[in-house]
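S.K.: Right, I'll just put the structure down here and ask away after.
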Amino acid sequence: MNERDSAPGGLALVEALVNSLNVETGADSLDTAEGRAAFALAEPDVPTARALREALRAACLAHAGHCSDDDPLCVLDRLLAEAPLRVTVDAAGGAALCPVEEPPGLTARIAAAIAAAVADGTWARLKACEAADCRWAYYDRSPAGRRRWCSMSVCGARAKMRTYRARRG
């Protein structure tokens with residue numbers, strides 16, 4: 001549904017995980033082998049991935065100013081605390097958080113992506129659509145960082161039409 005490019009860097013992984021569930025239809029790509037393969041998940045890892053996905057969606061809603069419940073954010077904090085990460089320093093002296101395990105698990109990859117996004121100032125721009133029947137994650141590239149919908153031509157237009165009809169009716 002997103003009419004723009006995906007999020008930059010590691011946030012693309014976060015965005016893809018949040019968008020692995022179509023809120024409107026209930027279609028969950030983690031139900032399929034192909035969908036799990038996109039995140040390098042084994043079937044037993046799916047419940048944790050779903051909990052992580054919904055906690056990330058809550059964080060994206062909070063970034064957009066739409067979160068009223070702290071529980072999902074507490075779940076995200078707990079899940080990320082369990083991610084095995086370490087600090088690495090390259091030859092130029094640059095530091096980064098990297099997963100300890102090889103191959104790294106999804107939670108560790110997400111935690112490293114969030115840490116990098118916080119460091120470069122892009123984390124707060126990953127948001128979730130205001131439309132309750134959508135909640136699609138998108139990267140807000142607007143100059144002021146105040147975008148409300150994943151797509152102005154779909155969700156934004158629907159919201160504006162509902163507002164217009166409410167005023168007329």
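Scheme for the structure tokens: letters A, B, ... for chains in order shown; per-chain residue numbers from 1; ligand numbers from 1 in order shown.
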Find the spatial neighbours of A:Ala83, counting only C-alpha atoms, within a cut-off of 12 Å - ignore same-chain residues fewer than 4 positions away - and output them as an MDAnalysis selection string.

M.R.: chainID A and resid 52 76:79 97:101 104:115

S.K.: Export, as an mmCIF file, in the first residue's frame, the selected residues with N, CA and C atoms.

M.R.:
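Once written, out16.cif looks like this:
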```
data_model
loop_
_atom_site.group_PDB
_atom_site.id
_atom_site.type_symbol
_atom_site.label_atom_id
_atom_site.label_comp_id
_atom_site.auth_asym_id
_atom_site.auth_seq_id
_atom_site.Cartn_x
_atom_site.Cartn_y
_atom_site.Cartn_z
ATOM 1 N N LEU A 52 7.153 -9.600 18.512
ATOM 2 C CA LEU A 52 8.082 -8.537 18.136
ATOM 3 C C LEU A 52 7.435 -7.601 17.120
ATOM 4 N N LEU A 76 8.286 -4.725 23.726
ATOM 5 C CA LEU A 76 9.420 -4.445 22.835
ATOM 6 C C LEU A 76 10.696 -4.271 23.653
ATOM 7 N N ASP A 77 10.625 -3.529 24.727
ATOM 8 C CA ASP A 77 11.794 -3.319 25.576
ATOM 9 C C ASP A 77 12.325 -4.654 26.102
ATOM 10 N N ARG A 78 11.418 -5.526 26.550
ATOM 11 C CA ARG A 78 11.829 -6.837 27.077
ATOM 12 C C ARG A 78 12.450 -7.706 25.986
ATOM 13 N N LEU A 79 11.824 -7.736 24.809
ATOM 14 C CA LEU A 79 12.343 -8.553 23.714
ATOM 15 C C LEU A 79 13.721 -8.068 23.272
ATOM 16 N N LEU A 97 26.713 -1.587 16.989
ATOM 17 C CA LEU A 97 26.202 -2.761 17.692
ATOM 18 C C LEU A 97 25.943 -3.846 16.666
ATOM 19 N N CYS A 98 26.416 -5.042 16.928
ATOM 20 C CA CYS A 98 26.241 -6.162 16.003
ATOM 21 C C CYS A 98 25.751 -7.380 16.767
ATOM 22 N N PRO A 99 24.947 -8.222 16.114
ATOM 23 C CA PRO A 99 24.509 -9.461 16.764
ATOM 24 C C PRO A 99 25.694 -10.355 17.107
ATOM 25 N N VAL A 100 25.605 -11.040 18.242
ATOM 26 C CA VAL A 100 26.659 -11.939 18.693
ATOM 27 C C VAL A 100 26.572 -13.274 17.961
ATOM 28 N N GLU A 101 25.344 -13.779 17.806
ATOM 29 C CA GLU A 101 25.140 -15.115 17.217
ATOM 30 C C GLU A 101 25.367 -15.104 15.717
ATOM 31 N N PRO A 104 22.684 -14.469 12.959
ATOM 32 C CA PRO A 104 21.958 -13.716 13.986
ATOM 33 C C PRO A 104 20.456 -13.971 13.919
ATOM 34 N N GLY A 105 19.815 -13.997 15.070
ATOM 35 C CA GLY A 105 18.373 -14.162 15.130
ATOM 36 C C GLY A 105 17.667 -12.871 14.730
ATOM 37 N N LEU A 106 16.394 -12.979 14.468
ATOM 38 C CA LEU A 106 15.603 -11.823 14.032
ATOM 39 C C LEU A 106 15.611 -10.711 15.080
ATOM 40 N N THR A 107 15.433 -11.051 16.339
ATOM 41 C CA THR A 107 15.399 -10.023 17.379
ATOM 42 C C THR A 107 16.726 -9.277 17.453
ATOM 43 N N ALA A 108 17.836 -9.973 17.338
ATOM 44 C CA ALA A 108 19.152 -9.316 17.365
ATOM 45 C C ALA A 108 19.334 -8.421 16.146
ATOM 46 N N ARG A 109 18.870 -8.873 14.984
ATOM 47 C CA ARG A 109 18.979 -8.037 13.776
ATOM 48 C C ARG A 109 18.117 -6.787 13.903
ATOM 49 N N ILE A 110 16.938 -6.941 14.466
ATOM 50 C CA ILE A 110 16.048 -5.795 14.679
ATOM 51 C C ILE A 110 16.674 -4.829 15.690
ATOM 52 N N ALA A 111 17.210 -5.363 16.792
ATOM 53 C CA ALA A 111 17.828 -4.514 17.818
ATOM 54 C C ALA A 111 19.000 -3.722 17.239
ATOM 55 N N ALA A 112 19.837 -4.374 16.433
ATOM 56 C CA ALA A 112 20.971 -3.680 15.813
ATOM 57 C C ALA A 112 20.481 -2.609 14.845
ATOM 58 N N ALA A 113 19.418 -2.906 14.108
ATOM 59 C CA ALA A 113 18.857 -1.923 13.164
ATOM 60 C C ALA A 113 18.299 -0.714 13.907
ATOM 61 N N ILE A 114 17.621 -0.959 15.015
ATOM 62 C CA ILE A 114 17.063 0.148 15.804
ATOM 63 C C ILE A 114 18.195 0.991 16.381
ATOM 64 N N ALA A 115 19.230 0.349 16.914
ATOM 65 C CA ALA A 115 20.357 1.087 17.483
ATOM 66 C C ALA A 115 21.013 1.969 16.423
#
```

S.K.: Excluding same-chain residues fewer than 5 positions from A:Leu73, what lies within 10 Å of it counting only C-alpha atoms, as number ranges by chain?

M.R.: A: 52, 54-59, 62, 67, 78-79

S.K.: Need to verify the contact set: A:Arg36, 12 Å, only C-alpha atoms, exclusion of same-chain residues closer than 2 positions in sequence. Can you return it as a VMD selection string?

M.R.: chain A and resid 16 to 17 20 28 to 34 38 to 47 49 to 50 106

S.K.: Measuring atom to atom with only C-alpha atoms, identify which of A:Gly93, A:Gly65, A:Pro103, A:Pro72 is nearest to A:Arg146.

M.R.: A:Gly65

S.K.: Between atom CA of A:Arg53 and atom CA of A:Ala95, what is the distance, to one decimal in Å?

M.R.: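 Between atom CA of A:Arg53 and atom CA of A:Ala95 the gap works out to 27.1 Å.
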
S.K.: So, with only C-alpha atoms as the atoms that count, which of A:Ser6, A:Cys60, A:Val18, A:Arg168 lies closest to A:Arg125?

M.R.: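 For A:Arg125, the nearest of the candidates is A:Cys60.
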
S.K.: Between A:Cys74, A:Ala117, A:Ala131, A:Cys155, single out the one closest to A:Leu13, counting only C-alpha atoms.

M.R.: A:Ala117

S.K.: Rounded to one decimal place, report the atom CA of A:Val23-atom CA of A:His63 distance in Å.

M.R.: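 Here the two named atoms are 18.6 Å from each other.
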
S.K.: Assign secondary structure with DSSP using the backbone only, and return the residues of stretch 40-143 of chain A in strand (DSSP E) as a list of chain:residue names.

M.R.: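 Here is the list: A:Leu85, A:Arg86, A:Val87, A:Thr88, A:Val89, A:Ala95, A:Ala96, A:Leu97, A:Cys98, A:Pro99, A:Leu126, A:Lys127, A:Ala128, A:Ala137, A:Tyr138, A:Tyr139.
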
S.K.: Quick check, in Å to one decimal: how far apart do atom CA of A:Asp133 and atom CA of A:Gly10 lie?

M.R.: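 Between atom CA of A:Asp133 and atom CA of A:Gly10 the gap is 26.2 Å.
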
S.K.: Considering only helix (DSSP H, G or I) as DSSP defines it on the backbone, what residues of chain A qualify? List them as a PyMOL selection string.

M.R.: chain A and resi 11-18+29-31+33-37+43-63+71-81+106-120+123-125+152-168

S.K.: Nearest to A:Leu21: which of A:Leu80, A:Cys134, A:Leu61, A:Val75 is it, counting only C-alpha atoms?

M.R.: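 Among A:Leu80, A:Cys134, A:Leu61, A:Val75, it is A:Cys134 that comes nearest to A:Leu21.
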
S.K.: Give me, as number ranges by chain, all polymer residues having an atom no more than 9 Å from A:Ala7, counting only C-alpha atoms and skipping those fewer than 5 positions away in the same chain.

M.R.: A: 12-15, 122, 125-126, 138-140
